[in-house]
Structures are given as structure tokens and as C-alpha cells.
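I have placed the structure first, in the form of C-alpha cells, so that the comments after it can refer back to it.
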Amino acid sequence: MVSKLFAHLNFLIIDDDNENKGNIQNVNDTLKDAGCENIYTYITTSTEILDLNDSKQMFIKEYDTKDLHFIVSNNINFPFYRVAAFDYLIPVVTTFWVKECVERNHLLRTLNFSPDPRHILKDTTIYIARNLTMSNADYRFYTEIVTSLGGMCVESLTNKITHLVATSNSNPVVINFCQAVKNLDNIKIVYPTWLIHCFKTQQYIKESTHQIEVNITSNGSSQSNINSDERIEDLWDEVESKSIHPSTLQYLQGHKFIVDLELSLSSQLYSFLIQLIKHYGGSFLPYIDINDIETNKQIDCFIGGSINTKGYETCEKKGLHTGNIIWFFNIWSFQSFLPPQKKIIWSPFKHKIFKSKDLLLSHTNYFGQERIYIQKLTELLGGSTTTSLSSRNTHLLAKFPYGKKFVNAVTKKPNCKVVNHLWLEKCYDQGKVLDATLKDFKDYDIGKKSLSSFLNQIGKVDLTVEENKLTSSKLVNSQSILNDSISSDEDTDLGFSTANENDTTIPDVNKSAPVGNSSVLVSTPTLMAKKQPS
């Protein structure tokens with residue numbers, strides 16, 4: 001038995017009426033034996049159905065200063081699931097995660113063990129191969145689909161990925177990867193239509209329909225009897241005809257959307273976005289020029305990519321809800337309309353304030369969606385993240401003052417600034433580089449103060465009771481419907497890797513065979529798609 005694996009960590013165990021009481025006690029005992037700091041228990045009742053605002057107030061009342069790091073539950077049938085998982089970004093894991101972590105003596109990747117039935121891609125690690133025809137907006141759209149469905153997007157090609165997504169079998173990334181990796185049996189190479197198909201049906205679709213056929217010739221070129229361009233056009237037609245998974249949730253009802261003309265979404269994704277808006281009760285207005293925005297009094301929502309567009313400026317002046325693709329998929333996770341001003345990364349993106357060499361950030365003691373959020377925010381600031389700490393790192397983000405990374409940064413790396421997450425968030429919020437030595441950014445136990453000090457809590461508005469009553473009136477029992485060793489030092493661009501410090505990705509969490517930590521990094525330079533600014 002590992003004695004200190006969960007040292008300094010606080011857990012909340014959900015005791016559901018349908019849960020085996022002996023299982024709950026075993027988890028409790030296991031956590032204690034592994035050095036857990038505090039264990040709290042919440043007993044659910046069958047009558048608990050709360051709207052989003054009430055569940056948040058309930059959660060704050062119960063756990064405001066408890067500094068929760070994990071919630072253990074085998075389902076999402078507790079009233080504050082959406083608040084905990086998507087607002088405060090607290091990882092929700094099954095009891096199997098606890099068992100596997102102890103057996104392997106590692107804090108395993110939490111999303112592999114999500115109890116959310118919508119996380120159908122939770123066992124995937126996906127690399128999306130960019131090319132000249134894939135805009136930054138398209139790339140972000142695909143990555144948001146993956147993370148919304150519980151998967152992990154990575155920016156480095158290794159033999160640990162489960163899927164390589166590309167738009168053509170002649171893509172140099174695909175060709176070079178197939179040449180470099182000898183065993184492709186466990187890696188699926190698919191068109192992006194597979195992601196859309198999975199999202200629309202809310203099912204894990206077999207890859208064979210969307211699989212890219214790649215045959216590498218002796219001279220290193222790709223050879224196939226299938227015209228890749230024609231094939232993907234046919235697949236787009238097939239996927240577009242698929243119905244979106246039925247839902248009685250109409251959380252976009254009463255909201256009329258426009259999409260920035262300068263967002264540069266492909267026609268297929270543009271069409272899919274409109275389908276989603278209408279499916280969840282919203283309406284959509286195509287527009288030709290700015291006059292259409294200025295004269296239409298029904299429009300209240302704008303989806304864009306940057307603050308540097310006429311569309312954004314006009315909508316901002318009109319006081320519309322100006323959001324981005326991240327916002328759109330986040331409210332899908334909440335299954336409730338929330339204004340984009342509520343979170344700092346939900347609005348069209350601001351100017352980058354760092355040069356890449358000035359922000360090479362590592363982080364410690366953050367897990368699951370917390371890491372995804374940190375890596376997105378770092379990229380939006382102009383920097384990048386690494387999973388391990390080296391002499392190249394300029395900053396270390398520390399959740400609390402424990403662990404190897406924290407000790408090494410403080411004692412052995414004088415050029416690495418150690419800060420809490422408020423520094424990162426306030427730099428983006430205020431649009432300037434803040435002094436990392438300020439006292440507010442040196443408090444590494446801010447989570448103990450209140451939930452308002454957690455990640456992802458800085459925003460320009462808060463959800464009022466009146467706003468939420470309007471939203472919750474459009475919900476139909478959302479809870480029942482929802483029932484829905486240190487890693488290698490790899491830089492990321494958009495940084496969607498959610499691997500923990502001692503991460504071991506488990507392709508199939510139902511298997512108990514040991515998983516090795518070794519990974520062969522494909523070093524062919526041309527494998528890395530050219531990074532594009534947002």
C-alpha cells in the first residue's frame with residue numbers, strides 16, 4: 001500500500017442511494033491509507049433537482065473553504081455536478097480511479113475515469129494534423145469537440161496517441177508519421193468527420209467509416225486508390241445528413257446568434273454550428289455587412305475569434321453577448337446559457353502580451369480540466385507549456401507548496417518564477433504583464449480561502465438569480481438527461497494535454513494490465529505541423 005500518494009489532497013465522496021455502501025467504505029479506507037489530507041462525504045437524495053444558480057449556492061455553502069481537489073462518484077446524479085466539474089474545474093472520477101492510482105502508484109489521468117456518459121472520447125489521445133486549408137478557427141473547433149467529449153488533444157506526435165485526424169492521405173504529417181512508427185495497429189488515422197459524427201450522435205462511432213487509407217511506397221510517398229478529396233466531401237455530406245442526438249434541453253431558446261464573417265470557419269463547420277444553435281432552441285441570422293448587425297434588434301449573441309474585427313467592435317458597442325468557440329462548447333457542457341463575460345477566456349481573444357521565449361510555463365498539482373484551462377490560457381497570452389520542469393522554464397504555476405516541482409523551482413532554479421494561477425489569469429484579464437513577485441501571486445494556498453479563489457473564477461459578470469431563473473425554465477431535469485513517473489518535456493502550442501505529472505494514459509480503463517511509461521517521440525521535424533497564431 002502506498003502511504004503518501006494522496007498527501008495534501010482533499011477528496012469529496014458522493015454517497016449515492018444506489019451505491020454499494022461497502023464500496024464507499026473501501027474507497028474511504030484506501031484514501032486514508034494513501035495519506036489523503038481530508039475526506040468529505042455527501043449523501044444524495046432522490047428529490048434533489050436544483051437549477052444551476054441554486055446548486056452553485058449550495059456547493060459554496062457546503063464546501064467554500066474545504067479546498068476540494070477531487071470528487072469521487074460513479075455517476076453524475078448529484079445536484080452540483082455541473083458546477084463542480086465545469087465551473088470550478090474539480091475533477092470528478094470514479095472509484096476505479098482511486099483503486100488504479102494506488103495499484104500503479106501514480107496519479108493517473110483523470111478524464112479516463114470520468115463518470116459523465118457524454119465523455120465518449122475519454123479513452124482517446126488525439127493529434128489533429130493542420131495544413132494550409134485548415135484555419136485556426138477550424139482547428140480550435142475540432143479541439144473543443146474533443147475536450148467536450150472527454151478526450152485529450154495533444155500537440156506532439158508520439159506512438160501513445162490513439163487517433164491522428166487529417167483531411168487528406170497526402171498530408172506530409174500523415175506520411176511521415178506512418179513512415180516513422182512501425183506499429184500502427186493501435187492508432188486510427190481518420191478524417192475530422194469522425195469527430196462530428198461522434199458529437200452529433202453522442203456515441204463512439206467505429207472509425208472504419210471515416211478511416212484514411214494510407215499506403216507508403218518505397219520512395220516515401222503516399223499511394224491510394226481512393227481520391228482523398230472526393231472521399232472527405234462524400235463523408236461531409238453523409239455526416240451533415242445525420243440527426244443531432246435528441247434533446248429536450250432548449251438552453252439557447254430566446255437567443256439569436258450571428259457568426260463573425262472573419263472567423264474563417266470552413267463551410268462544413270459553419271453549417272454544423274448553425275445546426276447546433278437551432279437544435280438547442282436558438283436562432284441564427286446570416287449577415288452581409290455591419291449594417292445588418294446595427295439595424296437588427298433581435299440579435300443578442302455574437303461568436304467571433306478576435307477582438308480585432310469590425311463585427312466584434314459593433315457587437316460590443318451594442319452590448320451583445322460576444323463569445324467565442326470555447327464559450328459555445330462550454331455552455332454545451334453546462335447545458336445552460338451563461339453569458340460569455342462570466343469567464344475570461346469565453347470572449348473573442350485579446351492581443352498576446354508575451355513573446356514565446358518569455359513565457360514557458362510548467363505547472364504542478366493541477367489535474368484534468370484545470371490543466372486544459374491553464375494551457376489554453378497560456379497559449380492565449382503568447383506562451384507555451386511543458387509537462388515537466390527544466391532550466392528552460394520561465395514560470396511554475398503552483399496550486400500548493402508541495403511536490404518535487406515546487407521544491408526544485410524554489411531551491412534550484414533561480415530564473416524560474418513561482419506563482420499561483422491568479423498571476424496567469426490577471427495578466428490576461430488586464431492585458432499586461434504583471435509583476436510576478438507581488439504578494440498576491442505568492443500565496444500558494446489560495447484554494448483554502450474560498451471557492452472564489454479557484455481557477456476559472458475571474459469574469460466580468462456573475463449569474464444573477466433572475467438570469468438563472470430564465471435559463472432554468474428552459475431545462476428539463478438536466479440531471480437525468482445528463483446521465484449522461486514525470487512525463488517527457490514536450491512543449492505545446494494550444495496545449496490541450498491533460499496528462500498529470502505522474503501520468504499514465506490507459507487506453508482501456510477496464511483492463512488491469514500494467515501500463516508502461518515509455519514513449520517513443522517521433523523526431524522527424526516535418527511531423528510537427530506549422531504552428532499558427534490564433
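Chain identifiers are assigned as A, B, and so on, following the order in which chains appear in the C-alpha cells; residues are numbered from 1 within each chain, and ligands are numbered from 1 in order of appearance.
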
Which residues of range 299-375 of chain A come within 9 Å of range 80-94 of chain A, and what is each one's closest atom pair and distance in Å (one decimal), counting only C-alpha atoms, sorted by chain and residue number, as a Markdown table?
| residue | atom | partner | partner_atom | distance |
| --- | --- | --- | --- | --- |
| A:Asn330 | CA | A:Phe86 | CA | 7.7 |
| A:Ser333 | CA | A:Phe86 | CA | 7.2 |
| A:Phe334 | CA | A:Arg82 | CA | 5.9 |
| A:Gln335 | CA | A:Arg82 | CA | 8.6 |
| A:Phe367 | CA | A:Pro91 | CA | 6.8 |
| A:Gly368 | CA | A:Pro91 | CA | 5.8 |
| A:Gln369 | CA | A:Leu89 | CA | 5.7 |
| A:Glu370 | CA | A:Leu89 | CA | 5.7 |
| A:Tyr373 | CA | A:Leu89 | CA | 8.7 |

In range 323-409 of chain A, DSSP helix (DSSP H, G or I) residues written as a PyMOL selection string:
chain A and resi 325-334+340-342+356-358+369-381+404-409

Could those selected residues go to a file with N, CA, C and O atoms, as a compact mmCIF listing (two decimals), in the first residue's frame?
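Result file follows (result15.txt):
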# COMPACT_ATOMS: atom_id res chain seq x y z
N ILE A 325 -15.63 30.24 -29.69
CA ILE A 325 -15.94 28.81 -29.82
C ILE A 325 -15.81 28.09 -28.48
O ILE A 325 -16.58 27.18 -28.18
N ILE A 326 -14.83 28.48 -27.67
CA ILE A 326 -14.67 27.87 -26.34
C ILE A 326 -15.94 28.06 -25.53
O ILE A 326 -16.43 27.14 -24.87
N TRP A 327 -16.47 29.28 -25.55
CA TRP A 327 -17.71 29.59 -24.83
C TRP A 327 -18.85 28.69 -25.31
O TRP A 327 -19.58 28.11 -24.48
N PHE A 328 -19.00 28.58 -26.63
CA PHE A 328 -20.13 27.83 -27.17
C PHE A 328 -20.11 26.38 -26.69
O PHE A 328 -21.15 25.83 -26.30
N PHE A 329 -18.94 25.74 -26.70
CA PHE A 329 -18.88 24.34 -26.27
C PHE A 329 -18.88 24.21 -24.75
O PHE A 329 -19.30 23.17 -24.22
N ASN A 330 -18.44 25.22 -24.04
CA ASN A 330 -18.53 25.19 -22.58
C ASN A 330 -19.98 25.24 -22.11
O ASN A 330 -20.35 24.53 -21.17
N ILE A 331 -20.79 26.08 -22.73
CA ILE A 331 -22.19 26.11 -22.30
C ILE A 331 -22.92 24.84 -22.73
O ILE A 331 -23.92 24.46 -22.12
N TRP A 332 -22.40 24.17 -23.77
CA TRP A 332 -22.95 22.85 -24.09
C TRP A 332 -22.68 21.89 -22.93
O TRP A 332 -23.54 21.09 -22.56
N SER A 333 -21.49 21.96 -22.35
CA SER A 333 -21.18 21.11 -21.20
C SER A 333 -22.07 21.45 -20.01
O SER A 333 -22.56 20.56 -19.31
N PHE A 334 -22.29 22.74 -19.77
CA PHE A 334 -23.18 23.18 -18.69
C PHE A 334 -24.63 22.84 -19.00
O PHE A 334 -25.45 22.73 -18.10
N PRO A 340 -20.99 35.04 -21.97
CA PRO A 340 -19.55 34.83 -22.17
C PRO A 340 -18.69 35.71 -21.28
O PRO A 340 -17.53 35.38 -21.03
N GLN A 341 -19.23 36.80 -20.79
CA GLN A 341 -18.46 37.68 -19.90
C GLN A 341 -18.18 37.02 -18.55
O GLN A 341 -17.37 37.51 -17.77
N LYS A 342 -18.82 35.89 -18.29
CA LYS A 342 -18.66 35.23 -16.99
C LYS A 342 -17.27 34.62 -16.81
O LYS A 342 -16.81 34.47 -15.68
N SER A 356 7.14 34.35 -27.03
CA SER A 356 7.17 32.93 -26.67
C SER A 356 8.31 32.59 -25.73
O SER A 356 8.14 31.76 -24.82
N LYS A 357 9.45 33.23 -25.88
CA LYS A 357 10.60 32.92 -25.03
C LYS A 357 10.43 33.43 -23.60
O LYS A 357 11.15 33.02 -22.69
N ASP A 358 9.47 34.33 -23.39
CA ASP A 358 9.29 34.94 -22.07
C ASP A 358 8.24 34.24 -21.22
O ASP A 358 8.06 34.58 -20.05
N GLN A 369 -9.33 18.96 -16.16
CA GLN A 369 -9.74 20.17 -16.88
C GLN A 369 -8.96 21.40 -16.42
O GLN A 369 -8.84 22.37 -17.19
N GLU A 370 -8.43 21.39 -15.22
CA GLU A 370 -7.61 22.51 -14.77
C GLU A 370 -6.41 22.70 -15.69
O GLU A 370 -6.05 23.82 -16.06
N ARG A 371 -5.80 21.60 -16.07
CA ARG A 371 -4.62 21.67 -16.93
C ARG A 371 -4.98 22.13 -18.34
O ARG A 371 -4.25 22.91 -18.96
N ILE A 372 -6.11 21.67 -18.84
CA ILE A 372 -6.56 22.13 -20.15
C ILE A 372 -6.75 23.64 -20.14
O ILE A 372 -6.31 24.35 -21.04
N TYR A 373 -7.39 24.13 -19.09
CA TYR A 373 -7.65 25.57 -18.97
C TYR A 373 -6.34 26.37 -18.89
O TYR A 373 -6.16 27.39 -19.57
N ILE A 374 -5.40 25.90 -18.07
CA ILE A 374 -4.12 26.59 -17.91
C ILE A 374 -3.37 26.65 -19.24
O ILE A 374 -2.80 27.67 -19.62
N GLN A 375 -3.39 25.57 -19.96
CA GLN A 375 -2.64 25.50 -21.21
C GLN A 375 -3.28 26.36 -22.30
O GLN A 375 -2.59 27.00 -23.09
N LYS A 376 -4.60 26.42 -22.33
CA LYS A 376 -5.28 27.32 -23.25
C LYS A 376 -4.94 28.77 -22.93
O LYS A 376 -4.63 29.57 -23.82
N LEU A 377 -5.02 29.12 -21.65
CA LEU A 377 -4.78 30.50 -21.23
C LEU A 377 -3.34 30.91 -21.52
O LEU A 377 -3.07 32.04 -21.96
N THR A 378 -2.41 30.02 -21.28
CA THR A 378 -1.00 30.31 -21.56
C THR A 378 -0.79 30.58 -23.04
O THR A 378 -0.08 31.52 -23.41
N GLU A 379 -1.41 29.79 -23.89
CA GLU A 379 -1.29 29.99 -25.33
C GLU A 379 -1.90 31.33 -25.75
O GLU A 379 -1.35 32.04 -26.59
N LEU A 380 -3.03 31.69 -25.16
CA LEU A 380 -3.67 32.97 -25.49
C LEU A 380 -2.80 34.16 -25.08
O LEU A 380 -2.88 35.22 -25.69
N LEU A 381 -1.99 33.97 -24.07
CA LEU A 381 -1.07 35.03 -23.63
C LEU A 381 0.17 35.12 -24.52
O LEU A 381 0.92 36.10 -24.44
N LYS A 404 7.76 17.76 -5.91
CA LYS A 404 9.11 17.87 -6.44
C LYS A 404 9.31 19.11 -7.28
O LYS A 404 10.33 19.79 -7.18
N LYS A 405 8.34 19.42 -8.13
CA LYS A 405 8.49 20.59 -8.99
C LYS A 405 8.61 21.86 -8.16
O LYS A 405 9.46 22.72 -8.43
N PHE A 406 7.75 21.99 -7.17
CA PHE A 406 7.77 23.20 -6.35
C PHE A 406 9.11 23.35 -5.64
O PHE A 406 9.73 24.42 -5.65
N VAL A 407 9.58 22.28 -5.01
CA VAL A 407 10.84 22.33 -4.27
C VAL A 407 12.00 22.65 -5.21
O VAL A 407 12.87 23.48 -4.91
N ASN A 408 12.03 22.00 -6.39
CA ASN A 408 13.12 22.24 -7.34
C ASN A 408 13.11 23.67 -7.85
O ASN A 408 14.17 24.29 -8.00
N ALA A 409 11.93 24.20 -8.12
CA ALA A 409 11.85 25.57 -8.64
C ALA A 409 12.31 26.58 -7.60
O ALA A 409 13.01 27.55 -7.92

When you look at range 284-287 of chain A with a cut-off of 9 Å (counting only C-alpha atoms), what residues show up, excluding the ones that are within fewer than 4 positions of it in the same chain? I need them as a VMD selection string.
chain A and resid 255 to 261 274 277 to 278 291 to 293 299

Would you mind exporting the chosen residues as an mmCIF file, in the first residue's frame, restricted to N, CA and C atoms?
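Saved the output as out.cif:
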data_model
loop_
_atom_site.group_PDB
_atom_site.id
_atom_site.type_symbol
_atom_site.label_atom_id
_atom_site.label_comp_id
_atom_site.auth_asym_id
_atom_site.auth_seq_id
_atom_site.Cartn_x
_atom_site.Cartn_y
_atom_site.Cartn_z
ATOM 1 N N HIS A 255 -32.426 33.212 -27.819
ATOM 2 C CA HIS A 255 -31.160 33.851 -28.193
ATOM 3 C C HIS A 255 -30.956 33.753 -29.704
ATOM 4 N N LYS A 256 -30.608 34.878 -30.317
ATOM 5 C CA LYS A 256 -30.378 34.933 -31.760
ATOM 6 C C LYS A 256 -28.916 35.211 -32.027
ATOM 7 N N PHE A 257 -28.275 34.342 -32.793
ATOM 8 C CA PHE A 257 -26.829 34.340 -32.997
ATOM 9 C C PHE A 257 -26.436 34.879 -34.369
ATOM 10 N N ILE A 258 -25.266 35.523 -34.400
ATOM 11 C CA ILE A 258 -24.553 35.764 -35.645
ATOM 12 C C ILE A 258 -23.119 35.279 -35.447
ATOM 13 N N VAL A 259 -22.484 34.902 -36.551
ATOM 14 C CA VAL A 259 -21.096 34.435 -36.510
ATOM 15 C C VAL A 259 -20.239 35.430 -37.283
ATOM 16 N N ASP A 260 -19.140 35.845 -36.688
ATOM 17 C CA ASP A 260 -18.259 36.831 -37.313
ATOM 18 C C ASP A 260 -17.822 36.362 -38.706
ATOM 19 N N LEU A 261 -17.956 37.248 -39.677
ATOM 20 C CA LEU A 261 -17.545 36.921 -41.043
ATOM 21 C C LEU A 261 -16.053 36.644 -41.137
ATOM 22 N N ILE A 274 -24.468 26.148 -37.036
ATOM 23 C CA ILE A 274 -25.848 26.622 -37.170
ATOM 24 C C ILE A 274 -26.828 25.525 -36.747
ATOM 25 N N ILE A 277 -26.923 25.445 -32.947
ATOM 26 C CA ILE A 277 -27.651 26.595 -32.401
ATOM 27 C C ILE A 277 -29.159 26.339 -32.472
ATOM 28 N N LYS A 278 -29.617 25.896 -33.615
ATOM 29 C CA LYS A 278 -31.058 25.671 -33.798
ATOM 30 C C LYS A 278 -31.544 24.465 -33.002
ATOM 31 N N ASN A 291 -24.076 46.797 -41.242
ATOM 32 C CA ASN A 291 -25.406 47.407 -41.149
ATOM 33 C C ASN A 291 -26.457 46.404 -40.695
ATOM 34 N N ASP A 292 -26.274 45.135 -41.086
ATOM 35 C CA ASP A 292 -27.222 44.102 -40.673
ATOM 36 C C ASP A 292 -27.215 43.927 -39.157
ATOM 37 N N ILE A 293 -26.053 44.100 -38.556
ATOM 38 C CA ILE A 293 -25.946 43.987 -37.104
ATOM 39 C C ILE A 293 -26.561 45.214 -36.429
ATOM 40 N N ILE A 299 -30.886 40.378 -32.514
ATOM 41 C CA ILE A 299 -29.608 39.719 -32.267
ATOM 42 C C ILE A 299 -29.133 40.010 -30.838
#

Close residues, Pro401 in chain A itself excluded, 12 Å, only C-alpha atoms, min 4 positions apart in chain, as a list in words
His8, Leu9, His363, Thr364, Asn365, Leu396, Leu397, Lys405, Phe406, Val407, Asn408, Ala409, Val410, Val418, Val419, Asn420, Lys442, Asp443, Tyr444, Asp445, Ile446 and Gly447 of chain A

Within 8 Å of range 41-48 of chain A, counting only C-alpha atoms, which residues show up once you throw out same-chain ones fewer than 4 positions away? Write them as a list in words, please.
Leu12, Ile13, Ile14, Asp15, Asp16, Asp17, Phe78 and Pro79 of chain A

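If you count only C-alpha atoms and ignore residues fewer than 5 places along the chain from range 179-189 of chain A, what sits within 7 Å of it is Asn159, Ile161, Thr162, His163, Leu164, Val165, Gln211, Ile212 and Val522 of chain A.
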
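Comparing the minimum interatomic distances between Trp346 in chain A and each of A:His321, A:Lys448, A:His119, A:Lys99, counting only C-alpha atoms, we find that A:His321 sits nearest.
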
Can you tell me, as a PyMOL selection string, what residues are no more than 9 Å from Lys122 in chain A when counting only C-alpha atoms, ignoring any on the same chain fewer than 4 positions away?
chain A and resi 111-114+146-147+149-152+507

Quick check, in Å to one decimal: how far apart do CA of Trp194 in chain A and CA of Thr387 in chain A lie?
28.5 Å

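Proximity of A:Lys160, A:Arg118, A:Ile128, A:Tyr270 to Cys198 in chain A, computed with only C-alpha atoms, is greatest for A:Arg118.
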